[in-house]
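Written out below as structure tokens is the structure these notes cover.
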Amino acid sequence: MVVVKRLGTLALLAASASAGIVAAASPRIIEIVADKDNRFKIVGSKKPIITAHAKEVLRLRIIAHKGSEMDKDGTVHSLTIKQLKDQGWDLRVKEGTHEFAVVAPPTPGEYTIECAVKCGDGHDDMRMKLLVQ
Ligand SMILES: [Cu+2]
């Protein structure tokens, strides 16, 4: 019984180690400006749409500029997908450049990424799209 248990643990360790290597294999970097005009802009793209494969690991580099308002704790914007908040899709950013690794959801479809921090004029329309294929 003890031996079986140990083997199980080893197998689990091996599995998570290889998963780590796969995840680390150069995820795409997507550069996003959360701008002072309270709009999201994707560097090198005309439309604020991120296209990803299901479960794709993405590295988001977010350049944040304060709008006319910010949160008490200094957060100037956020990138939030309401239904995926508990899966890491609630990125609050202060002024400056920040990098986050996120995973696209397993279910294809259109997801709205919105700002959940009151950032001033334009806040209500501060959103972009995650298109999962
Ligand atoms: Cu906002």
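Identifiers in this document derive from the order of the structure tokens: chains are assigned A, B, ..., residues are numbered from 1 separately in each chain, and ligands are numbered from 1 in order of occurrence.
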Residue list (helix (DSSP H, G or I), DSSP) for chain A, as a ChimeraX atom specification | /A:2-24,82-87,123-125
For those residues, write N, CA and C atoms to a file as a CSV table (one decimal), in the first residue's frame.
chain,number,residue,atom,x,y,z
A,2,VAL,N,1.9,1.2,0.9
A,2,VAL,CA,2.8,2.4,1.0
A,2,VAL,C,3.5,2.6,-0.4
A,3,VAL,N,3.9,1.4,-1.0
A,3,VAL,CA,4.7,1.5,-2.2
A,3,VAL,C,3.8,2.1,-3.3
A,4,VAL,N,2.6,1.7,-3.4
A,4,VAL,CA,1.7,2.2,-4.4
A,4,VAL,C,1.5,3.7,-4.2
A,5,LYS,N,1.3,4.1,-3.0
A,5,LYS,CA,1.1,5.5,-2.7
A,5,LYS,C,2.3,6.3,-3.2
A,6,ARG,N,3.6,5.8,-2.9
A,6,ARG,CA,4.8,6.5,-3.3
A,6,ARG,C,4.9,6.6,-4.8
A,7,LEU,N,4.5,5.5,-5.5
A,7,LEU,CA,4.6,5.6,-6.9
A,7,LEU,C,3.6,6.6,-7.4
A,8,GLY,N,2.5,6.7,-6.8
A,8,GLY,CA,1.5,7.7,-7.2
A,8,GLY,C,2.0,9.1,-7.1
A,9,THR,N,2.7,9.3,-6.0
A,9,THR,CA,3.3,10.7,-5.8
A,9,THR,C,4.3,11.0,-6.8
A,10,LEU,N,5.2,10.0,-7.1
A,10,LEU,CA,6.2,10.2,-8.1
A,10,LEU,C,5.7,10.5,-9.5
A,11,ALA,N,4.6,9.7,-9.8
A,11,ALA,CA,4.0,9.9,-11.1
A,11,ALA,C,3.4,11.3,-11.2
A,12,LEU,N,2.8,11.8,-10.1
A,12,LEU,CA,2.2,13.1,-10.1
A,12,LEU,C,3.3,14.2,-10.3
A,13,LEU,N,4.4,13.9,-9.6
A,13,LEU,CA,5.5,14.9,-9.6
A,13,LEU,C,6.1,15.0,-11.1
A,14,ALA,N,6.2,13.8,-11.7
A,14,ALA,CA,6.7,13.8,-13.1
A,14,ALA,C,5.8,14.5,-14.0
A,15,ALA,N,4.5,14.2,-13.8
A,15,ALA,CA,3.5,14.8,-14.7
A,15,ALA,C,3.5,16.4,-14.5
A,16,SER,N,3.6,16.8,-13.3
A,16,SER,CA,3.5,18.3,-13.1
A,16,SER,C,4.8,18.9,-13.6
A,17,ALA,N,6.0,18.2,-13.5
A,17,ALA,CA,7.2,18.7,-14.0
A,17,ALA,C,7.2,18.9,-15.5
A,18,SER,N,6.6,17.9,-16.2
A,18,SER,CA,6.6,18.0,-17.7
A,18,SER,C,5.6,19.0,-18.1
A,19,ALA,N,4.5,19.1,-17.3
A,19,ALA,CA,3.5,20.2,-17.6
A,19,ALA,C,4.2,21.6,-17.5
A,20,GLY,N,5.0,21.7,-16.5
A,20,GLY,CA,5.7,23.0,-16.3
A,20,GLY,C,6.6,23.3,-17.5
A,21,ILE,N,7.3,22.3,-18.0
A,21,ILE,CA,8.2,22.5,-19.2
A,21,ILE,C,7.3,22.9,-20.4
A,22,VAL,N,6.2,22.3,-20.6
A,22,VAL,CA,5.4,22.6,-21.8
A,22,VAL,C,4.9,24.1,-21.6
A,23,ALA,N,4.4,24.4,-20.4
A,23,ALA,CA,3.9,25.8,-20.2
A,23,ALA,C,5.0,26.8,-20.4
A,24,ALA,N,6.2,26.5,-20.1
A,24,ALA,CA,7.3,27.4,-20.2
A,24,ALA,C,7.8,27.6,-21.6
A,82,LYS,N,-15.3,38.5,-16.2
A,82,LYS,CA,-16.2,38.3,-15.1
A,82,LYS,C,-16.3,36.8,-14.7
A,83,GLN,N,-16.6,36.0,-15.7
A,83,GLN,CA,-16.9,34.6,-15.5
A,83,GLN,C,-15.6,33.7,-15.3
A,84,LEU,N,-14.4,34.4,-15.5
A,84,LEU,CA,-13.2,33.6,-15.3
A,84,LEU,C,-12.3,34.2,-14.2
A,85,LYS,N,-12.9,35.1,-13.4
A,85,LYS,CA,-12.1,35.7,-12.3
A,85,LYS,C,-11.3,34.8,-11.5
A,86,ASP,N,-12.0,33.6,-11.1
A,86,ASP,CA,-11.3,32.7,-10.2
A,86,ASP,C,-10.3,31.8,-11.0
A,87,GLN,N,-10.1,32.1,-12.3
A,87,GLN,CA,-9.1,31.4,-13.0
A,87,GLN,C,-8.0,32.3,-13.5
A,123,HIS,N,-14.6,54.7,-18.9
A,123,HIS,CA,-14.5,53.5,-18.1
A,123,HIS,C,-15.6,52.4,-18.5
A,124,ASP,N,-16.8,52.9,-18.6
A,124,ASP,CA,-17.9,52.0,-18.9
A,124,ASP,C,-17.7,51.3,-20.3
A,125,ASP,N,-17.0,51.9,-21.2
A,125,ASP,CA,-16.7,51.2,-22.5
A,125,ASP,C,-15.3,50.6,-22.6
When you look at A:Arg28 with a cut-off of 9 Å (counting only C-alpha atoms), what residues show up, excluding the ones that are within fewer than 5 positions of it in the same chain? I need them as a PDB file with C-alpha atoms, in the first residue's frame.
ATOM      1  CA  GLU A  56      -3.260  28.407 -24.700  1.00  0.00           C
ATOM      2  CA  VAL A  57      -0.856  29.972 -22.249  1.00  0.00           C
ATOM      3  CA  LEU A  58      -0.461  33.656 -22.994  1.00  0.00           C
ATOM      4  CA  ARG A  59       1.910  36.154 -21.539  1.00  0.00           C
ATOM      5  CA  LEU A  60       0.248  39.531 -21.238  1.00  0.00           C
TER       6      LEU A  60
END
Give the residues close to ligand 1, within 12 Å, counting only C-alpha atoms and all ligand atoms; write them as a PyMOL selection string.
-> chain A and resi 34-40+64-71+75-80+92-94+113-128
If you run DSSP on the backbone, which residues of stretch 3-131 of chain A are strand (DSSP E), as a VMD selection string?
-> chain A and resid 28 to 34 40 to 42 49 to 52 57 to 64 75 to 80 90 to 94 96 to 103 109 to 114 127 to 131
Could you please take those selected residues and save N, CA and C atoms as a compact mmCIF listing (two decimals), in the first residue's frame?
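Resulting contents of again30.txt:
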# COMPACT_ATOMS: atom_id res chain seq x y z
N ARG A 28 3.21 33.00 -26.27
CA ARG A 28 3.11 34.25 -27.03
C ARG A 28 3.02 35.42 -26.08
N ILE A 29 3.71 36.49 -26.42
CA ILE A 29 3.61 37.70 -25.61
C ILE A 29 2.66 38.66 -26.31
N ILE A 30 1.66 39.10 -25.59
CA ILE A 30 0.71 40.06 -26.15
C ILE A 30 0.85 41.35 -25.37
N GLU A 31 1.16 42.41 -26.11
CA GLU A 31 1.40 43.70 -25.47
C GLU A 31 0.13 44.55 -25.52
N ILE A 32 -0.30 44.94 -24.37
CA ILE A 32 -1.55 45.69 -24.26
C ILE A 32 -1.29 47.02 -23.55
N VAL A 33 -1.82 48.08 -24.10
CA VAL A 33 -1.76 49.36 -23.40
C VAL A 33 -3.13 49.61 -22.78
N ALA A 34 -3.16 49.75 -21.48
CA ALA A 34 -4.38 50.19 -20.78
C ALA A 34 -4.15 51.68 -20.59
N PHE A 40 -8.37 50.13 -24.11
CA PHE A 40 -7.35 49.09 -24.28
C PHE A 40 -6.86 49.15 -25.71
N LYS A 41 -5.55 49.06 -25.88
CA LYS A 41 -4.97 48.99 -27.23
C LYS A 41 -4.01 47.81 -27.26
N ILE A 42 -4.07 47.04 -28.31
CA ILE A 42 -3.13 45.93 -28.46
C ILE A 42 -2.06 46.38 -29.43
N ILE A 49 -8.76 42.94 -30.02
CA ILE A 49 -9.19 41.54 -29.93
C ILE A 49 -7.97 40.64 -29.78
N ILE A 50 -7.99 39.80 -28.77
CA ILE A 50 -6.94 38.80 -28.59
C ILE A 50 -7.50 37.48 -29.09
N THR A 51 -6.81 36.86 -30.02
CA THR A 51 -7.25 35.55 -30.51
C THR A 51 -6.33 34.49 -29.94
N ALA A 52 -6.92 33.44 -29.39
CA ALA A 52 -6.11 32.39 -28.76
C ALA A 52 -6.76 31.03 -29.00
N VAL A 57 -1.47 29.11 -23.25
CA VAL A 57 -0.86 29.97 -22.25
C VAL A 57 -0.41 31.25 -22.95
N LEU A 58 -0.82 32.37 -22.41
CA LEU A 58 -0.46 33.66 -22.99
C LEU A 58 0.29 34.47 -21.97
N ARG A 59 1.24 35.22 -22.43
CA ARG A 59 1.91 36.15 -21.54
C ARG A 59 1.44 37.55 -21.90
N LEU A 60 0.75 38.18 -20.98
CA LEU A 60 0.25 39.53 -21.24
C LEU A 60 1.21 40.54 -20.64
N ARG A 61 1.69 41.41 -21.50
CA ARG A 61 2.51 42.52 -21.00
C ARG A 61 1.62 43.76 -21.06
N ILE A 62 1.30 44.26 -19.89
CA ILE A 62 0.34 45.36 -19.81
C ILE A 62 1.06 46.64 -19.42
N ILE A 63 0.90 47.62 -20.29
CA ILE A 63 1.48 48.94 -20.02
C ILE A 63 0.30 49.82 -19.56
N ALA A 64 0.33 50.21 -18.31
CA ALA A 64 -0.82 50.90 -17.73
C ALA A 64 -0.52 52.38 -17.50
N THR A 75 -4.43 51.24 -7.92
CA THR A 75 -4.73 50.48 -9.14
C THR A 75 -5.39 51.41 -10.14
N VAL A 76 -4.85 51.43 -11.38
CA VAL A 76 -5.38 52.38 -12.37
C VAL A 76 -6.36 51.73 -13.35
N HIS A 77 -6.19 50.42 -13.62
CA HIS A 77 -7.12 49.69 -14.49
C HIS A 77 -7.08 48.21 -14.09
N SER A 78 -8.00 47.45 -14.68
CA SER A 78 -7.89 46.00 -14.54
C SER A 78 -8.30 45.35 -15.85
N LEU A 79 -7.84 44.11 -16.03
CA LEU A 79 -8.29 43.29 -17.16
C LEU A 79 -9.05 42.14 -16.53
N THR A 80 -10.35 42.19 -16.64
CA THR A 80 -11.20 41.26 -15.93
C THR A 80 -12.16 40.55 -16.88
N ASP A 90 -8.30 38.27 -13.60
CA ASP A 90 -8.67 39.49 -12.89
C ASP A 90 -7.37 40.20 -12.55
N LEU A 91 -6.83 40.87 -13.56
CA LEU A 91 -5.49 41.44 -13.43
C LEU A 91 -5.60 42.92 -13.14
N ARG A 92 -5.25 43.28 -11.93
CA ARG A 92 -5.31 44.69 -11.53
C ARG A 92 -3.92 45.30 -11.70
N VAL A 93 -3.87 46.44 -12.35
CA VAL A 93 -2.56 47.03 -12.62
C VAL A 93 -2.43 48.46 -12.11
N LYS A 94 -1.24 48.72 -11.61
CA LYS A 94 -0.90 50.09 -11.24
C LYS A 94 -0.12 50.70 -12.40
N GLY A 96 2.54 51.69 -14.90
CA GLY A 96 3.77 51.01 -15.25
C GLY A 96 3.53 49.77 -16.10
N THR A 97 4.59 48.96 -16.26
CA THR A 97 4.51 47.78 -17.11
C THR A 97 4.52 46.52 -16.24
N HIS A 98 3.61 45.62 -16.54
CA HIS A 98 3.44 44.41 -15.74
C HIS A 98 3.28 43.22 -16.66
N GLU A 99 3.79 42.05 -16.24
CA GLU A 99 3.60 40.85 -17.04
C GLU A 99 2.87 39.78 -16.24
N PHE A 100 1.93 39.13 -16.92
CA PHE A 100 1.15 38.07 -16.28
C PHE A 100 1.07 36.89 -17.25
N ALA A 101 1.09 35.68 -16.69
CA ALA A 101 0.79 34.51 -17.50
C ALA A 101 -0.66 34.14 -17.23
N VAL A 102 -1.42 33.96 -18.29
CA VAL A 102 -2.82 33.55 -18.15
C VAL A 102 -3.06 32.38 -19.11
N VAL A 103 -4.14 31.67 -18.84
CA VAL A 103 -4.49 30.54 -19.70
C VAL A 103 -5.85 30.80 -20.33
N GLY A 109 -15.12 30.41 -27.84
CA GLY A 109 -16.17 31.42 -27.78
C GLY A 109 -15.58 32.80 -27.63
N GLU A 110 -16.47 33.76 -27.41
CA GLU A 110 -16.07 35.15 -27.27
C GLU A 110 -16.20 35.56 -25.82
N TYR A 111 -15.14 36.10 -25.27
CA TYR A 111 -15.15 36.54 -23.87
C TYR A 111 -14.86 38.03 -23.83
N THR A 112 -15.52 38.71 -22.94
CA THR A 112 -15.28 40.15 -22.81
C THR A 112 -14.29 40.41 -21.69
N ILE A 113 -13.23 41.11 -22.05
CA ILE A 113 -12.26 41.54 -21.05
C ILE A 113 -12.61 42.99 -20.73
N GLU A 114 -12.90 43.27 -19.49
CA GLU A 114 -13.27 44.64 -19.17
C GLU A 114 -12.48 45.19 -17.99
N ARG A 127 -13.26 48.01 -22.74
CA ARG A 127 -13.27 46.56 -22.86
C ARG A 127 -12.61 46.12 -24.16
N MET A 128 -12.21 44.87 -24.17
CA MET A 128 -11.74 44.25 -25.40
C MET A 128 -12.20 42.81 -25.42
N LYS A 129 -11.82 42.11 -26.47
CA LYS A 129 -12.37 40.78 -26.67
C LYS A 129 -11.29 39.71 -26.62
N LEU A 130 -11.64 38.59 -26.02
CA LEU A 130 -10.79 37.40 -26.12
C LEU A 130 -11.57 36.40 -26.96
N LEU A 131 -11.01 36.06 -28.10
CA LEU A 131 -11.67 35.15 -29.02
C LEU A 131 -10.95 33.80 -28.91
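Distance-wise, atom CA of A:Pro105 and atom CA of A:Gly74 end up 28.9 Å apart.
The two atoms in question, atom CA of A:Pro48 and atom CA of A:Ala104, are spaced 16.2 Å apart.
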Would you mind listing what lies within 7 Å of A:Ala54 as a ChimeraX atom specification, with only C-alpha atoms counted and same-chain residues fewer than 4 positions away left out?
-> /A:104-108,132-133
